[in-house]
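Visitor: Starting off with a structure, shown below.
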Amino acid sequence: MIKQIMINKLLSLLEEDTYPEDVTSKIVSGIKCKAIIISKDEGILAGQKFIIPFLEYLGIKIENYVKDGTQIKKKDIVLEIEGDAETILGVERLVLNLLGKLSGISTVTHFMTRLAKSVNPNVRIAGTRKTTPGLRVFEKYAIEVGGGDPHRFNLSDAVLIKDNHIALIGSVKEAIRRAKEITSFTKKIEVEVSSLKDALEAYHAGADAILLDNMKPEEIIPVVNELKGKVIVEASGGINPDNVIEYAKTGVDIISSGYITHSSRSLDFSLDVYKS
């Protein structure tokens, strides 16, 4: 069932490129061919989990492939397929775009995770909801392939009380009280704060996690000193490969970064065909 849902998602994306018809690829209609997808970059491969069953659904035979999570380099062949040339060329751009986007996310996630863990072995690099509309499930998967934590998939996963919620309610304590009153015990409650004072208030009011938003590393250290081991401490806001080590050094449990989905560079792949 989940597999079919993913296929349906990709079919809707394919419609953008091929509806009402691929006027060019009709000239190769009826020709059988083989094709290879070649990496033109180095990084961590991601996307085969979705691409392979999708191609099979379209009647394309998978002859060989490289698994997600593999470190790839330039000129590596990551996928070998055979089938109808019109179908293969029609789906080419979608497959290459998805493979490039997801591999770019997994590569940056892996890089930032390696940097952070070099100074804080227990820290997790997590994603955010700053994902491409319609592609969240794919991009969250790519984060996991890169060794990161996907964080919330959507607004129903956990309570995250942010500054705008607090501004409307008036206090951290009251916001948490209301959340506990109306939310299932199965949902964690996290509170976004920007000071040690608010972090302590959130902890004493019963928060499960504290999100330190846009705080500098030197501002985070006192919070970690007070709350480490008592509550999950997360840092977020403007964290990228250039400063992730400084944030990891503070001792936080989680570092969430929108960078890995909204600013990662897609890896480059190409598809070459030849007659069967």
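Ordering of the structure tokens sets the chain letters (A, B, ...); residue numbers start at 1 within each chain; ligands are numbered from 1 in the order shown.
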Apply DSSP to the structure's backbone, then extract all residues of region 25-102 of chain A labelled alpha helix (DSSP H) and return them as a PyMOL selection string.
Guide: chain A and resi 48-57+85-102
Visitor: For each of A:Ile143, A:Val108, A:Ala205, A:Val252, take the minimum atom-to-atom distance to Asn240 (chain A), counting only C-alpha atoms, then give the residue where this is smallest.
Guide: A:Val108
Visitor: With only C-alpha atoms as the counted atoms, please give the residues lying no more than 9 Å from Ile125 (chain A), apart from itself and same-chain residues fewer than 6 positions off, as a ChimeraX atom specification.
Guide: /A:109-110,112-113,116,143,147-150,254-257
Visitor: Emit the selected residues as a PDB file, in the first residue's frame, including N, CA, C and O atoms.
Guide:
```
ATOM      1  N   THR A 109      23.823  16.128   4.614  1.00  0.00           N
ATOM      2  CA  THR A 109      23.502  15.592   5.941  1.00  0.00           C
ATOM      3  C   THR A 109      24.662  14.755   6.479  1.00  0.00           C
ATOM      4  O   THR A 109      25.050  14.882   7.647  1.00  0.00           O
ATOM      5  N   HIS A 110      25.201  13.903   5.643  1.00  0.00           N
ATOM      6  CA  HIS A 110      26.333  13.061   6.037  1.00  0.00           C
ATOM      7  C   HIS A 110      27.537  13.922   6.436  1.00  0.00           C
ATOM      8  O   HIS A 110      28.202  13.657   7.447  1.00  0.00           O
ATOM      9  N   MET A 112      27.595  17.140   7.442  1.00  0.00           N
ATOM     10  CA  MET A 112      27.363  17.875   8.687  1.00  0.00           C
ATOM     11  C   MET A 112      27.354  16.951   9.899  1.00  0.00           C
ATOM     12  O   MET A 112      27.828  17.326  10.979  1.00  0.00           O
ATOM     13  N   THR A 113      26.833  15.744   9.723  1.00  0.00           N
ATOM     14  CA  THR A 113      26.829  14.780  10.815  1.00  0.00           C
ATOM     15  C   THR A 113      28.254  14.403  11.203  1.00  0.00           C
ATOM     16  O   THR A 113      28.589  14.323  12.397  1.00  0.00           O
ATOM     17  N   ALA A 116      29.821  17.371  13.094  1.00  0.00           N
ATOM     18  CA  ALA A 116      29.266  17.541  14.443  1.00  0.00           C
ATOM     19  C   ALA A 116      29.731  16.445  15.391  1.00  0.00           C
ATOM     20  O   ALA A 116      30.110  16.713  16.542  1.00  0.00           O
ATOM     21  N   ILE A 143      17.444  12.552   4.247  1.00  0.00           N
ATOM     22  CA  ILE A 143      18.112  12.930   5.502  1.00  0.00           C
ATOM     23  C   ILE A 143      18.512  11.681   6.271  1.00  0.00           C
ATOM     24  O   ILE A 143      19.638  11.574   6.779  1.00  0.00           O
ATOM     25  N   GLY A 147      22.323   9.792   7.416  1.00  0.00           N
ATOM     26  CA  GLY A 147      22.664   9.600   8.820  1.00  0.00           C
ATOM     27  C   GLY A 147      22.031  10.596   9.758  1.00  0.00           C
ATOM     28  O   GLY A 147      22.381  10.660  10.938  1.00  0.00           O
ATOM     29  N   GLY A 148      21.056  11.365   9.264  1.00  0.00           N
ATOM     30  CA  GLY A 148      20.386  12.363  10.089  1.00  0.00           C
ATOM     31  C   GLY A 148      19.048  11.888  10.624  1.00  0.00           C
ATOM     32  O   GLY A 148      18.576  10.796  10.309  1.00  0.00           O
ATOM     33  N   ASP A 149      18.446  12.735  11.437  1.00  0.00           N
ATOM     34  CA  ASP A 149      17.128  12.480  12.006  1.00  0.00           C
ATOM     35  C   ASP A 149      16.113  13.308  11.215  1.00  0.00           C
ATOM     36  O   ASP A 149      16.323  14.504  10.995  1.00  0.00           O
ATOM     37  N   PRO A 150      15.000  12.724  10.792  1.00  0.00           N
ATOM     38  CA  PRO A 150      14.050  13.465   9.958  1.00  0.00           C
ATOM     39  C   PRO A 150      13.291  14.573  10.684  1.00  0.00           C
ATOM     40  O   PRO A 150      12.733  15.457  10.053  1.00  0.00           O
ATOM     41  N   ILE A 254      20.464  17.783  20.004  1.00  0.00           N
ATOM     42  CA  ILE A 254      19.981  17.834  18.620  1.00  0.00           C
ATOM     43  C   ILE A 254      20.402  19.147  17.982  1.00  0.00           C
ATOM     44  O   ILE A 254      20.329  20.206  18.616  1.00  0.00           O
ATOM     45  N   ILE A 255      20.817  19.080  16.727  1.00  0.00           N
ATOM     46  CA  ILE A 255      21.019  20.283  15.914  1.00  0.00           C
ATOM     47  C   ILE A 255      20.115  20.140  14.701  1.00  0.00           C
ATOM     48  O   ILE A 255      20.295  19.226  13.892  1.00  0.00           O
ATOM     49  N   SER A 256      19.105  20.998  14.596  1.00  0.00           N
ATOM     50  CA  SER A 256      18.221  20.947  13.432  1.00  0.00           C
ATOM     51  C   SER A 256      18.621  22.043  12.456  1.00  0.00           C
ATOM     52  O   SER A 256      18.971  23.150  12.855  1.00  0.00           O
ATOM     53  N   SER A 257      18.559  21.705  11.187  1.00  0.00           N
ATOM     54  CA  SER A 257      19.049  22.623  10.163  1.00  0.00           C
ATOM     55  C   SER A 257      18.172  22.578   8.920  1.00  0.00           C
ATOM     56  O   SER A 257      18.043  21.533   8.278  1.00  0.00           O
TER      57      SER A 257
END
```
Visitor: In Å, rounded to a single decimal, give me how far CA of Leu14 (chain A) is from CA of Lys32 (chain A).
Guide: 20.8 Å
Visitor: Which region 197-274 of chain A residues have any atom within 6 Å of an atom of region 33-42 of chain A, and for each, what is the nearest pair of atoms with distance in Å to one decimal, counting only C-alpha atoms, rows sorted by chain and number, as a tab-separated table?
Guide:
```
residue	atom	partner	partner_atom	distance
A:Leu267	CA	A:Asp41	CA	5.8
A:Asp268	CA	A:Lys40	CA	5.2
A:Phe269	CA	A:Ser39	CA	4.6
A:Ser270	CA	A:Ile38	CA	5.4
A:Leu271	CA	A:Ile37	CA	4.4
A:Asp272	CA	A:Ala35	CA	5.5
A:Val273	CA	A:Ala35	CA	4.2
A:Tyr274	CA	A:Lys34	CA	5.5
```
Visitor: Work out how far apart CA of Gly146 (chain A) and CA of Met1 (chain A) are and give it in Å to one decimal.
Guide: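 CA of Met1 (chain A) lies 25.6 Å from CA of Gly146 (chain A).
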Visitor: What does the distance between CA of Glu219 (chain A) and CA of Ser194 (chain A) come to in Å, to one decimal place?
Guide: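 Interatomic distance here is 9.0 Å.
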Visitor: At a cut-off of 12 Å, using only C-alpha atoms, what residues contact Asn154 (chain A)? Leave out same-chain residues fewer than 3 positions from it and give the result as a list in words.
Guide: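 Here the qualifying residues turn out to be Gly127, Thr128, Arg129, Lys130, Thr131, Pro133, Arg136, Val137, Lys140, Pro150, His151, Asp157, Ala158, Val159 and Leu160 of chain A.
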Visitor: Could you pull out the strand (DSSP E or B) residues of region 101-255 of chain A from DSSP and send them as number ranges by chain?
Guide: A: 124-126, 149, 159-161, 189-193, 209-213, 232-236, 254-255
